[in-house]
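Input: a single structure, listed below in C-alpha cells.
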Amino acid sequence: MIADRIIEQGTLITQDGRTAVEVRIPWYRALPGSCIAGAALTVDGVSAPEGSLRWTMNNRTFSFEELVDETGEWWFPLDSAVLSGDLPVPDSRTEHEVRVDLKLYIPYIITDHGVLHIEEHDTKTMKVAQR
Amino acid sequence: MTSLGTPIQGVTLYSFTRAVHARQYDLDGLIRKVAAEGFGPGLEVIGFSSLRGFPDRIDDNFVGQFRDLVAEVDLVPTSLAVNVDTGIRRDRLMNHDELVEYMRKQIDVAARLGFPIARVQISLTPDAMESLLPVAEKYGVTLALEVHADQHGAHERVLALRDRYEKLDSPLLGFTADWGATVTGFAPSLLEAYRRRGASEALLGQVVDLWNGFYADGPPNTQKVHGERFGAFIGLAARNGRPDLGIDFAINGTGLFGPAPLDTWLEIMPWVRHVHGKFFGIDETGEEPSVPVRSLVRQLVENGYSGAISSEYEGWHWNNWQDPFDIIRGEQAVQRSAAANAGSAMITDASEARRILNSHLAQPVRG
C-alpha cells in the first residue's frame, strides 16, 4: 500500500468554483473503473459535494455512478487520474491542506463478506493554481 | 531416491513496486537493471502491474520489443502473474464462462511474451482449473495456481485442487508455492513501520503475542478459522485505542504471514511448478528474520525441485527507508548459500536455466 503517494504534490488547480487534484493509485496493479468505488476531495476542511465529483482517466471523465459499470477503462499504476469537484478555493498565495479519500475494490480477493475493499487517504499541503 | 534439485535464481518485478510507482524506472529500465544486478536469470512480471493495456491492448509491436529486450539482456521469462478478478463487477461475481474467457486472454499474452508459466490464483476452483486445461494446452502454458497465505499446502481448498490435478494428470496444471504461507514470525520491519506510525511497544507486543499464538496453534485449515483470526487482530487494535491500525494488522497478520509448518509443502510438492521466494527483509546479520529461507531452499533441493524461485520482496508495502535492490541482493545470497549447504547450487547461468526450466516443466507429475 502506498497511501502517502495518492495526492500528487503541486497539482491543485481551481477554476470557476471547480477544483481538481491529480491522484495516484495506492496499489501495485491496474484497476478498472468499476473497482474505483468512491472518493472525497477536501480542501481546508471543506469537502466537495459528493454528486459534483468527477473522475478523469485515460482522457475520459466519469461520475462515480458511471464508474460502477466501467470495466473497459483501467487506472494504470504509473498514471495520474484527476479528481475534481465543486469547491471554491480563492486564495492562490497561501498554502492549502488537501485531503483525498479513496475507496477501492480488490477484485481478486473474495472474502466471506464479499469482494475486499480498501479505504485509503492522503493529506498534503500545497498552493492552488488559478486558471 | 530423489536426486537433488537445482532451483533457478530469479526475481519478480513486484519486488520493486515502490521504485516503479515513484517513476524511478520504466519497464525497459527496470528489466535492464535486474539483469545488470545479476538478479536473474529468471524474470517474473505481473501483467496488470507492468504492462499498460493488459491484456486487451498488448500489440505485436510491444511483444516484439519485450522479447528483443529479454534476449538482449539474457534473462529467462519464467512466470507471467495473471489475476483472477472474479469480483470485477459490482453487481455479482463473474460466472464460469466469463472467468474462463478472462483468464484465456491473459494466458494468450503470457504465451506471446514467451512466459512458459501463468501464475493463477486461489479463487479458481477445481472445476475452473479443469475448464482451463484446454486453454493451457492450446497455448502450451503451465497454469501454476499460487498457494499463498492464508491458504497453505495442506489447506482444504488446496488439497481439493491437488486431487483434481491428480485425476486430470496433466503436466500443465500445478502450483506456485509462495513462502509467505510458511512464515515463522511477524516481520520486524513491519513492527518498525507501526512504531513510526505511533504504535506503542505494549500494543506491538500484543500483536506479536497474538500472531505467535496462531503460529503455535497451526495454520487455518478452513476459511472460518481464517475469518476468526482476521477479526482477532481488528479487535486487538480497537481495544488498544488504535482502530485505524486494525485492518492493517489483520491483512498482514493473516494474509502475508502464514503460520503453516514447512512440511505442509510436501502435500503438493510434486505439483509445484514455480516458487515465489516471498520475504520481508534482511537483518543486520544478513538473514531473513521471519521467513525460513534456508530451510525452504533445502526442502526444495532435497525434493528434487529444479524450477525457478522468484525472489519476491514484499516489505515494500511499509518499508520506505531501505533500498529494495540491496534487500534482494541480500536475500538471493542467502538462497545461494542455502542451496550450497544442501549439497546443490542455484542456477544463475541463463542458458543452463533455459535447459533446466524446459525439462522441469515438461516433466509429468508423479504424485
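In the C-alpha cells, each chain is lettered A, B, ... as it comes, each chain's residues begin at 1, and ligands are numbered from 1 in order of appearance.
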* To do: Can you pull out every residue within 9 Å of A:Glu95, counting only C-alpha atoms, but drop anything in the same chain fewer than 4 positions away, and send it as a list in words?
  => Asp91, Thr125, Met126, Lys127 and Val128 of chain A
Go ahead and save the picked residues with all heavy atoms, as an mmCIF file, in the first residue's frame.
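The resulting part09.cif:
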data_model
loop_
_atom_site.group_PDB
_atom_site.id
_atom_site.type_symbol
_atom_site.label_atom_id
_atom_site.label_comp_id
_atom_site.auth_asym_id
_atom_site.auth_seq_id
_atom_site.Cartn_x
_atom_site.Cartn_y
_atom_site.Cartn_z
ATOM 1 N N ASP A 91 -7.830 31.763 -2.604
ATOM 2 C CA ASP A 91 -6.566 32.467 -2.395
ATOM 3 C C ASP A 91 -5.393 31.689 -2.956
ATOM 4 O O ASP A 91 -5.088 30.594 -2.516
ATOM 5 C CB ASP A 91 -6.386 32.688 -0.890
ATOM 6 C CG ASP A 91 -5.221 33.605 -0.609
ATOM 7 O OD1 ASP A 91 -4.392 33.797 -1.517
ATOM 8 O OD2 ASP A 91 -5.161 34.123 0.510
ATOM 9 N N THR A 125 -0.073 19.447 1.741
ATOM 10 C CA THR A 125 -0.243 20.897 1.758
ATOM 11 C C THR A 125 0.400 21.492 0.516
ATOM 12 O O THR A 125 1.532 21.138 0.165
ATOM 13 C CB THR A 125 0.420 21.475 3.032
ATOM 14 O OG1 THR A 125 -0.201 20.859 4.162
ATOM 15 C CG2 THR A 125 0.241 22.964 3.104
ATOM 16 N N MET A 126 -0.339 22.388 -0.144
ATOM 17 C CA MET A 126 0.183 22.977 -1.388
ATOM 18 C C MET A 126 -0.575 24.255 -1.737
ATOM 19 O O MET A 126 -1.644 24.524 -1.190
ATOM 20 C CB MET A 126 0.058 21.964 -2.533
ATOM 21 C CG MET A 126 -1.360 21.592 -2.893
ATOM 22 S SD MET A 126 -1.447 20.190 -4.043
ATOM 23 C CE MET A 126 -1.004 18.826 -2.982
ATOM 24 N N LYS A 127 -0.004 25.001 -2.654
ATOM 25 C CA LYS A 127 -0.690 26.191 -3.170
ATOM 26 C C LYS A 127 -1.616 25.774 -4.306
ATOM 27 O O LYS A 127 -1.459 24.704 -4.885
ATOM 28 C CB LYS A 127 0.330 27.213 -3.657
ATOM 29 C CG LYS A 127 1.074 27.864 -2.494
ATOM 30 C CD LYS A 127 2.000 28.950 -2.944
ATOM 31 C CE LYS A 127 2.580 29.642 -1.712
ATOM 32 N NZ LYS A 127 3.801 30.379 -1.989
ATOM 33 N N VAL A 128 -2.573 26.657 -4.594
ATOM 34 C CA VAL A 128 -3.505 26.360 -5.674
ATOM 35 C C VAL A 128 -3.170 27.234 -6.877
ATOM 36 O O VAL A 128 -2.775 28.395 -6.721
ATOM 37 C CB VAL A 128 -4.975 26.587 -5.222
ATOM 38 C CG1 VAL A 128 -5.245 28.053 -4.927
ATOM 39 C CG2 VAL A 128 -5.968 26.044 -6.238
#
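Residues lying within 10 Å of stretch 59-61 of chain A, counting only C-alpha atoms and ignoring same-chain neighbours fewer than 6 positions away, are Leu67, Glu73, Ala81, Val82, Leu83 and Ser84 of chain A.
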Could you save the residues just selected, with all heavy atoms, as a PDB file, in the first residue's frame?
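That gives us selection-v3.pdb:
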ATOM      1  N   LEU A  67     -18.814   5.072 -13.163  1.00  0.00           N
ATOM      2  CA  LEU A  67     -17.683   4.158 -12.989  1.00  0.00           C
ATOM      3  C   LEU A  67     -18.135   2.751 -12.588  1.00  0.00           C
ATOM      4  O   LEU A  67     -17.424   1.776 -12.841  1.00  0.00           O
ATOM      5  CB  LEU A  67     -16.726   4.695 -11.916  1.00  0.00           C
ATOM      6  CG  LEU A  67     -15.809   5.840 -12.332  1.00  0.00           C
ATOM      7  CD1 LEU A  67     -15.013   6.344 -11.123  1.00  0.00           C
ATOM      8  CD2 LEU A  67     -14.837   5.418 -13.447  1.00  0.00           C
ATOM      9  N   GLU A  73     -12.107   0.802 -19.046  1.00  0.00           N
ATOM     10  CA  GLU A  73     -11.016   1.764 -18.806  1.00  0.00           C
ATOM     11  C   GLU A  73     -10.330   1.422 -17.493  1.00  0.00           C
ATOM     12  O   GLU A  73     -10.999   1.231 -16.466  1.00  0.00           O
ATOM     13  CB  GLU A  73     -11.555   3.194 -18.747  1.00  0.00           C
ATOM     14  CG  GLU A  73     -12.048   3.735 -20.075  1.00  0.00           C
ATOM     15  CD  GLU A  73     -10.933   3.947 -21.103  1.00  0.00           C
ATOM     16  OE1 GLU A  73      -9.746   3.914 -20.731  1.00  0.00           O
ATOM     17  OE2 GLU A  73     -11.278   4.133 -22.285  1.00  0.00           O
ATOM     18  N   ALA A  81      -4.695  10.029 -12.221  1.00  0.00           N
ATOM     19  CA  ALA A  81      -6.079  10.361 -12.553  1.00  0.00           C
ATOM     20  C   ALA A  81      -6.344  11.764 -11.986  1.00  0.00           C
ATOM     21  O   ALA A  81      -5.531  12.287 -11.225  1.00  0.00           O
ATOM     22  CB  ALA A  81      -7.030   9.345 -11.947  1.00  0.00           C
ATOM     23  N   VAL A  82      -7.458  12.363 -12.383  1.00  0.00           N
ATOM     24  CA  VAL A  82      -7.799  13.689 -11.860  1.00  0.00           C
ATOM     25  C   VAL A  82      -9.134  13.593 -11.134  1.00  0.00           C
ATOM     26  O   VAL A  82     -10.129  13.122 -11.694  1.00  0.00           O
ATOM     27  CB  VAL A  82      -7.881  14.740 -12.990  1.00  0.00           C
ATOM     28  CG1 VAL A  82      -8.310  16.081 -12.424  1.00  0.00           C
ATOM     29  CG2 VAL A  82      -6.536  14.862 -13.698  1.00  0.00           C
ATOM     30  N   LEU A  83      -9.132  14.012  -9.869  1.00  0.00           N
ATOM     31  CA  LEU A  83     -10.360  14.079  -9.078  1.00  0.00           C
ATOM     32  C   LEU A  83     -10.771  15.538  -8.982  1.00  0.00           C
ATOM     33  O   LEU A  83      -9.968  16.390  -8.573  1.00  0.00           O
ATOM     34  CB  LEU A  83     -10.104  13.505  -7.680  1.00  0.00           C
ATOM     35  CG  LEU A  83     -11.284  13.575  -6.699  1.00  0.00           C
ATOM     36  CD1 LEU A  83     -12.455  12.725  -7.183  1.00  0.00           C
ATOM     37  CD2 LEU A  83     -10.840  13.140  -5.298  1.00  0.00           C
ATOM     38  N   SER A  84     -12.018  15.835  -9.379  1.00  0.00           N
ATOM     39  CA  SER A  84     -12.466  17.225  -9.359  1.00  0.00           C
ATOM     40  C   SER A  84     -13.849  17.328  -8.741  1.00  0.00           C
ATOM     41  O   SER A  84     -14.590  16.338  -8.700  1.00  0.00           O
ATOM     42  CB  SER A  84     -12.484  17.798 -10.788  1.00  0.00           C
ATOM     43  OG  SER A  84     -13.389  17.055 -11.587  1.00  0.00           O
TER      44      SER A  84
END
DSSP on the backbone: which residues in chain A end up as helix (DSSP H, G or I)? Give the answer as a short mmCIF file (atom, residue, chain, number, x, y, z; two decimals) with C-alpha atoms, in the first residue's frame.
data_model
loop_
_atom_site.label_atom_id
_atom_site.label_comp_id
_atom_site.auth_asym_id
_atom_site.auth_seq_id
_atom_site.Cartn_x
_atom_site.Cartn_y
_atom_site.Cartn_z
CA ALA A 3 -1.16 5.72 0.51
CA ASP A 4 1.35 8.53 1.00
CA ARG A 5 1.53 8.95 -2.76
CA GLY A 33 -13.24 1.96 -13.21
CA SER A 34 -15.69 -0.50 -11.64
CA CYS A 35 -13.25 -1.00 -8.75
CA GLU A 50 -20.43 14.08 -3.48
CA GLY A 51 -22.63 14.49 -6.53
CA SER A 52 -20.28 17.06 -8.04
CA PHE A 64 -18.80 7.80 -9.79
CA GLU A 65 -22.16 6.41 -10.81
CA GLU A 66 -20.81 5.87 -14.32
CA LEU A 67 -17.68 4.16 -12.99
#
With a cut-off of 7 Å, could you pull out the residues of chain A touching chain B and give me the nearest pair of atoms for each, distance in Å to one decimal, using only C-alpha atoms, ordered by chain and ascending number, as a Markdown table?
| residue | atom | partner | partner_atom | distance |
| --- | --- | --- | --- | --- |
| A:Met1 | CA | B:His317 | CA | 5.0 |
| A:Ile2 | CA | B:His317 | CA | 6.6 |
| A:Tyr28 | CA | B:Ser49 | CA | 6.1 |
| A:Arg29 | CA | B:Ser49 | CA | 4.1 |
| A:Ala30 | CA | B:Phe48 | CA | 5.4 |
| A:Ser34 | CA | B:Arg89 | CA | 6.3 |
| A:Cys35 | CA | B:Ile88 | CA | 6.6 |
| A:Val68 | CA | B:Arg90 | CA | 6.6 |
| A:Phe76 | CA | B:Arg52 | CA | 6.7 |
| A:Pro77 | CA | B:His21 | CA | 6.5 |
| A:Leu78 | CA | B:His21 | CA | 6.0 |
| A:Pro107 | CA | B:Gly87 | CA | 4.3 |
| A:Tyr108 | CA | B:Asp85 | CA | 4.3 |
| A:Ile110 | CA | B:Gly87 | CA | 7.0 |
| A:Val115 | CA | B:Gly87 | CA | 5.9 |
Leaving out A:Glu22 and any residue of its chain fewer than 2 positions from it, which residues lie within 10 Å of it when counting only C-alpha atoms, given as a JSON list (two decimals) with all heavy atoms, in the first residue's frame?
[["chain", "number", "residue", "atom", "x", "y", "z"],
["A", 6, "ILE", "N", -0.92, 9.13, -2.80],
["A", 6, "ILE", "CA", -2.19, 9.31, -3.51],
["A", 6, "ILE", "C", -2.25, 10.70, -4.15],
["A", 6, "ILE", "O", -2.57, 10.84, -5.34],
["A", 6, "ILE", "CB", -3.40, 9.11, -2.55],
["A", 6, "ILE", "CG1", -3.50, 7.63, -2.14],
["A", 6, "ILE", "CG2", -4.69, 9.56, -3.23],
["A", 6, "ILE", "CD1", -4.60, 7.35, -1.13],
["A", 7, "ILE", "N", -1.93, 11.74, -3.39],
["A", 7, "ILE", "CA", -2.02, 13.10, -3.94],
["A", 7, "ILE", "C", -0.68, 13.47, -4.59],
["A", 7, "ILE", "O", 0.38, 13.34, -3.98],
["A", 7, "ILE", "CB", -2.34, 14.11, -2.83],
["A", 7, "ILE", "CG1", -3.70, 13.78, -2.20],
["A", 7, "ILE", "CG2", -2.32, 15.54, -3.37],
["A", 7, "ILE", "CD1", -4.04, 14.67, -1.01],
["A", 8, "GLU", "N", -0.74, 13.95, -5.81],
["A", 8, "GLU", "CA", 0.46, 14.44, -6.50],
["A", 8, "GLU", "C", 0.72, 15.87, -6.03],
["A", 8, "GLU", "O", -0.13, 16.77, -6.23],
["A", 8, "GLU", "CB", 0.24, 14.44, -8.01],
["A", 8, "GLU", "CG", 0.18, 13.06, -8.62],
["A", 8, "GLU", "CD", 1.53, 12.61, -9.17],
["A", 8, "GLU", "OE1", 2.53, 12.65, -8.43],
["A", 8, "GLU", "OE2", 1.56, 12.22, -10.34],
["A", 9, "GLN", "N", 1.87, 16.07, -5.43],
["A", 9, "GLN", "CA", 2.22, 17.39, -4.90],
["A", 9, "GLN", "C", 2.17, 18.45, -6.00],
["A", 9, "GLN", "O", 2.62, 18.23, -7.13],
["A", 9, "GLN", "CB", 3.62, 17.32, -4.29],
["A", 9, "GLN", "CG", 4.10, 18.59, -3.63],
["A", 9, "GLN", "CD", 3.18, 19.12, -2.55],
["A", 9, "GLN", "OE1", 2.46, 20.10, -2.76],
["A", 9, "GLN", "NE2", 3.19, 18.48, -1.38],
["A", 10, "GLY", "N", 1.60, 19.59, -5.67],
["A", 10, "GLY", "CA", 1.64, 20.74, -6.59],
["A", 10, "GLY", "C", 0.67, 20.68, -7.75],
["A", 10, "GLY", "O", 0.84, 21.39, -8.73],
["A", 11, "THR", "N", -0.37, 19.84, -7.65],
["A", 11, "THR", "CA", -1.28, 19.71, -8.80],
["A", 11, "THR", "C", -2.67, 20.30, -8.54],
["A", 11, "THR", "O", -3.58, 20.10, -9.33],
["A", 11, "THR", "CB", -1.46, 18.23, -9.20],
["A", 11, "THR", "OG1", -2.01, 17.51, -8.08],
["A", 11, "THR", "CG2", -0.14, 17.61, -9.60],
["A", 12, "LEU", "N", -2.82, 21.02, -7.43],
["A", 12, "LEU", "CA", -4.15, 21.59, -7.11],
["A", 12, "LEU", "C", -4.44, 22.77, -8.03],
["A", 12, "LEU", "O", -3.66, 23.73, -8.09],
["A", 12, "LEU", "CB", -4.15, 22.03, -5.64],
["A", 12, "LEU", "CG", -5.49, 22.51, -5.07],
["A", 12, "LEU", "CD1", -6.49, 21.36, -4.98],
["A", 12, "LEU", "CD2", -5.28, 23.17, -3.71],
["A", 13, "ILE", "N", -5.55, 22.68, -8.73],
["A", 13, "ILE", "CA", -5.95, 23.80, -9.59],
["A", 13, "ILE", "C", -7.42, 24.13, -9.36],
["A", 13, "ILE", "O", -8.20, 23.25, -8.97],
["A", 13, "ILE", "CB", -5.71, 23.53, -11.09],
["A", 13, "ILE", "CG1", -6.49, 22.30, -11.54],
["A", 13, "ILE", "CG2", -4.23, 23.37, -11.40],
["A", 13, "ILE", "CD1", -6.50, 22.14, -13.04],
["A", 20, "ALA", "N", -9.56, 20.78, -8.71],
["A", 20, "ALA", "CA", -9.11, 19.45, -9.13],
["A", 20, "ALA", "C", -7.71, 19.17, -8.59],
["A", 20, "ALA", "O", -6.91, 20.10, -8.39],
["A", 20, "ALA", "CB", -9.09, 19.35, -10.66],
["A", 24, "ARG", "N", -2.74, 9.37, -7.56],
["A", 24, "ARG", "CA", -2.10, 8.12, -7.97],
["A", 24, "ARG", "C", -2.75, 6.95, -7.24],
["A", 24, "ARG", "O", -3.18, 7.09, -6.10],
["A", 24, "ARG", "CB", -0.61, 8.13, -7.60],
["A", 24, "ARG", "CG", 0.21, 9.23, -8.25],
["A", 24, "ARG", "CD", 0.50, 8.94, -9.70],
["A", 24, "ARG", "NE", 1.11, 7.63, -9.93],
["A", 24, "ARG", "CZ", 2.40, 7.33, -9.74],
["A", 24, "ARG", "NH1", 3.23, 8.27, -9.30],
["A", 24, "ARG", "NH2", 2.86, 6.12, -9.98],
["A", 55, "TRP", "N", -14.27, 11.95, -12.10],
["A", 55, "TRP", "CA", -13.03, 11.17, -12.14],
["A", 55, "TRP", "C", -12.56, 11.14, -13.60],
["A", 55, "TRP", "O", -13.31, 10.71, -14.47],
["A", 55, "TRP", "CB", -13.30, 9.74, -11.66],
["A", 55, "TRP", "CG", -12.10, 8.87, -11.57],
["A", 55, "TRP", "CD1", -11.64, 8.00, -12.53],
["A", 55, "TRP", "CD2", -11.19, 8.77, -10.48],
["A", 55, "TRP", "NE1", -10.51, 7.37, -12.08],
["A", 55, "TRP", "CE2", -10.21, 7.82, -10.82],
["A", 55, "TRP", "CE3", -11.11, 9.39, -9.23],
["A", 55, "TRP", "CZ2", -9.15, 7.48, -9.97],
["A", 55, "TRP", "CZ3", -10.07, 9.05, -8.38],
["A", 55, "TRP", "CH2", -9.11, 8.11, -8.75],
["A", 56, "THR", "N", -11.36, 11.61, -13.86],
["A", 56, "THR", "CA", -10.85, 11.62, -15.23],
["A", 56, "THR", "C", -9.64, 10.70, -15.32],
["A", 56, "THR", "O", -8.68, 10.86, -14.56],
["A", 56, "THR", "CB", -10.45, 13.05, -15.66],
["A", 56, "THR", "OG1", -11.58, 13.91, -15.50],
["A", 56, "THR", "CG2", -9.99, 13.07, -17.11],
["A", 79, "ASP", "N", -0.04, 6.09, -14.00],
["A", 79, "ASP", "CA", -0.82, 7.24, -14.48],
["A", 79, "ASP", "C", -1.48, 8.01, -13.33],
["A", 79, "ASP", "O", -1.96, 7.41, -12.37],
["A", 79, "ASP", "CB", -1.93, 6.77, -15.42],
["A", 79, "ASP", "CG", -1.37, 6.20, -16.71],
["A", 79, "ASP", "OD1", -0.18, 6.44, -17.00],
["A", 79, "ASP", "OD2", -2.13, 5.53, -17.43],
["A", 80, "SER", "N", -1.54, 9.32, -13.49],
["A", 80, "SER", "CA", -2.32, 10.14, -12.57],
["A", 80, "SER", "C", -3.74, 10.26, -13.10],
["A", 80, "SER", "O", -3.94, 10.55, -14.28],
["A", 80, "SER", "CB", -1.73, 11.55, -12.48],
["A", 80, "SER", "OG", -0.42, 11.51, -11.99],
["A", 81, "ALA", "N", -4.70, 10.03, -12.22],
["A", 81, "ALA", "CA", -6.08, 10.36, -12.55],
["A", 81, "ALA", "C", -6.34, 11.76, -11.99],
["A", 81, "ALA", "O", -5.53, 12.29, -11.22],
["A", 81, "ALA", "CB", -7.03, 9.34, -11.95],
["A", 82, "VAL", "N", -7.46, 12.36, -12.38],
["A", 82, "VAL", "CA", -7.80, 13.69, -11.86],
["A", 82, "VAL", "C", -9.13, 13.59, -11.13],
["A", 82, "VAL", "O", -10.13, 13.12, -11.69],
["A", 82, "VAL", "CB", -7.88, 14.74, -12.99],
["A", 82, "VAL", "CG1", -8.31, 16.08, -12.42],
["A", 82, "VAL", "CG2", -6.54, 14.86, -13.70],
["A", 83, "LEU", "N", -9.13, 14.01, -9.87],
["A", 83, "LEU", "CA", -10.36, 14.08, -9.08],
["A", 83, "LEU", "C", -10.77, 15.54, -8.98],
["A", 83, "LEU", "O", -9.97, 16.39, -8.57],
["A", 83, "LEU", "CB", -10.10, 13.51, -7.68],
["A", 83, "LEU", "CG", -11.28, 13.58, -6.70],
["A", 83, "LEU", "CD1", -12.45, 12.72, -7.18],
["A", 83, "LEU", "CD2", -10.84, 13.14, -5.30],
["A", 84, "SER", "N", -12.02, 15.84, -9.38],
["A", 84, "SER", "CA", -12.47, 17.22, -9.36],
["A", 84, "SER", "C", -13.85, 17.33, -8.74],
["A", 84, "SER", "O", -14.59, 16.34, -8.70],
["A", 84, "SER", "CB", -12.48, 17.80, -10.79],
["A", 84, "SER", "OG", -13.39, 17.06, -11.59],
["A", 100, "VAL", "N", -7.51, 13.69, 0.15],
["A", 100, "VAL", "CA", -8.25, 12.82, -0.77],
["A", 100, "VAL", "C", -8.49, 11.49, -0.07],
["A", 100, "VAL", "O", -7.57, 10.90, 0.49],
["A", 100, "VAL", "CB", -7.49, 12.60, -2.09],
["A", 100, "VAL", "CG1", -8.15, 11.50, -2.92],
["A", 100, "VAL", "CG2", -7.41, 13.90, -2.89]]
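Of the residues listed (B:Thr2, B:Thr285, B:Ala333, B:Ala199), B:Ala333 shows the shortest atom-to-atom separation from B:Met346; distances use only C-alpha atoms.
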* **8 Å contact set for stretch 267-277 of chain B, only C-alpha atoms, chain neighbours under 5 positions out, as an MDAnalysis selection string** => chainID B and resid 79 144 153:154 159 162 173:179 293 303 307:313 360:361 365:367
Keeping N, CA, C and O atoms for every residue in the selection just given, could you write it to a file as a compact mmCIF listing (two decimals), in the first residue's frame?
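See part.txt below for the written result:
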# COMPACT_ATOMS: atom_id res chain seq x y z
N SER B 79 7.54 -16.71 -15.24
CA SER B 79 6.11 -16.70 -14.98
C SER B 79 5.53 -15.31 -15.24
O SER B 79 6.11 -14.31 -14.83
N ALA B 144 0.05 -22.35 -12.95
CA ALA B 144 0.57 -22.64 -11.61
C ALA B 144 -0.21 -21.80 -10.60
O ALA B 144 0.05 -20.60 -10.43
N GLY B 153 -0.15 -25.44 1.91
CA GLY B 153 -0.12 -26.71 1.17
C GLY B 153 -1.09 -27.76 1.66
O GLY B 153 -1.45 -28.67 0.90
N ALA B 154 -1.53 -27.66 2.92
CA ALA B 154 -2.45 -28.69 3.45
C ALA B 154 -3.85 -28.12 3.68
O ALA B 154 -4.67 -28.73 4.36
N LEU B 159 -5.91 -28.90 -1.22
CA LEU B 159 -5.94 -30.35 -1.38
C LEU B 159 -7.00 -30.77 -2.41
O LEU B 159 -6.79 -31.72 -3.17
N ARG B 162 -5.35 -30.23 -5.68
CA ARG B 162 -4.35 -31.28 -5.90
C ARG B 162 -5.03 -32.58 -6.35
O ARG B 162 -4.57 -33.24 -7.28
N LEU B 173 -0.89 -28.42 -15.26
CA LEU B 173 -1.61 -27.91 -14.09
C LEU B 173 -0.76 -28.14 -12.85
O LEU B 173 -0.35 -29.26 -12.56
N GLY B 174 -0.49 -27.07 -12.11
CA GLY B 174 0.34 -27.22 -10.93
C GLY B 174 0.14 -26.05 -9.98
O GLY B 174 -0.88 -25.35 -10.01
N PHE B 175 1.14 -25.86 -9.14
CA PHE B 175 1.06 -24.82 -8.11
C PHE B 175 2.28 -23.90 -8.18
O PHE B 175 3.37 -24.31 -8.58
N THR B 176 2.07 -22.66 -7.74
CA THR B 176 3.16 -21.76 -7.35
C THR B 176 3.17 -21.74 -5.83
O THR B 176 2.16 -21.39 -5.21
N ALA B 177 4.28 -22.16 -5.23
CA ALA B 177 4.38 -22.16 -3.77
C ALA B 177 4.91 -20.81 -3.31
O ALA B 177 6.02 -20.42 -3.69
N ASP B 178 4.10 -20.12 -2.52
CA ASP B 178 4.52 -18.81 -2.01
C ASP B 178 4.99 -18.98 -0.56
O ASP B 178 4.22 -19.40 0.31
N TRP B 179 6.24 -18.62 -0.32
CA TRP B 179 6.83 -18.84 1.00
C TRP B 179 6.14 -18.08 2.12
O TRP B 179 6.35 -18.36 3.30
N VAL B 293 14.15 -18.95 4.99
CA VAL B 293 14.63 -19.10 3.61
C VAL B 293 15.56 -20.32 3.48
O VAL B 293 15.44 -21.11 2.54
N ASN B 303 13.91 -32.24 -2.34
CA ASN B 303 12.77 -32.85 -3.03
C ASN B 303 12.91 -32.79 -4.55
O ASN B 303 11.94 -33.01 -5.27
N GLY B 307 12.75 -25.99 -10.67
CA GLY B 307 12.07 -24.85 -11.30
C GLY B 307 12.68 -23.55 -10.80
O GLY B 307 13.74 -23.55 -10.16
N ALA B 308 12.01 -22.47 -11.10
CA ALA B 308 12.53 -21.16 -10.71
C ALA B 308 12.03 -20.76 -9.32
O ALA B 308 10.94 -21.17 -8.90
N ILE B 309 12.85 -20.00 -8.63
CA ILE B 309 12.42 -19.30 -7.41
C ILE B 309 12.48 -17.81 -7.74
O ILE B 309 13.56 -17.26 -7.97
N SER B 310 11.31 -17.17 -7.79
CA SER B 310 11.30 -15.71 -7.97
C SER B 310 11.41 -15.06 -6.60
O SER B 310 10.48 -15.17 -5.78
N SER B 311 12.52 -14.41 -6.32
CA SER B 311 12.61 -13.64 -5.08
C SER B 311 11.52 -12.59 -5.10
O SER B 311 11.41 -11.80 -6.05
N GLU B 312 10.70 -12.60 -4.06
CA GLU B 312 9.54 -11.69 -4.03
C GLU B 312 9.57 -10.89 -2.74
O GLU B 312 9.09 -11.32 -1.70
N TYR B 313 10.14 -9.73 -2.81
CA TYR B 313 10.24 -8.85 -1.64
C TYR B 313 8.93 -8.10 -1.44
O TYR B 313 8.51 -7.35 -2.32
N HIS B 360 12.09 -29.20 -16.42
CA HIS B 360 11.24 -29.18 -15.23
C HIS B 360 9.76 -29.10 -15.62
O HIS B 360 8.91 -29.81 -15.08
N LEU B 361 9.45 -28.25 -16.60
CA LEU B 361 8.05 -28.05 -16.95
C LEU B 361 7.50 -29.19 -17.80
O LEU B 361 6.30 -29.45 -17.78
N VAL B 365 3.79 -35.15 -13.72
CA VAL B 365 3.69 -35.26 -12.25
C VAL B 365 3.69 -36.71 -11.84
O VAL B 365 3.02 -37.55 -12.45
N ARG B 366 4.48 -37.03 -10.84
CA ARG B 366 4.42 -38.37 -10.23
C ARG B 366 4.12 -38.16 -8.76
O ARG B 366 5.02 -37.97 -7.95
N GLY B 367 2.86 -38.14 -8.42
CA GLY B 367 2.47 -37.80 -7.05
C GLY B 367 2.72 -38.94 -6.06
O GLY B 367 2.89 -40.05 -6.43
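For the pair atom CA of B:Val100 and atom CA of B:Leu132, the interatomic distance is 6.4 Å.
The gap separating atom CA of B:Tyr215 from atom CA of B:Gly315 is 20.2 Å, in Å to one decimal.
Residue nearest A:Ala48 within the list A:Ile25, A:Ile109, A:Leu31, A:Leu87: A:Leu87 [criterion: smallest interatomic distance, only C-alpha atoms].
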* To do: From a DSSP pass on the backbone, collect the residues of stretch 69-129 of chain A flagged as strand (DSSP E) and hand them back as JSON, numbers by chain.
  => {"A": [74, 75, 81, 82, 83, 84, 85, 86, 96, 97, 98, 99, 100, 101, 102, 103, 104, 105, 106, 107, 108, 109, 110, 111, 114, 115, 116, 117, 118, 119, 120, 121, 122, 123, 124, 125, 126, 129]}
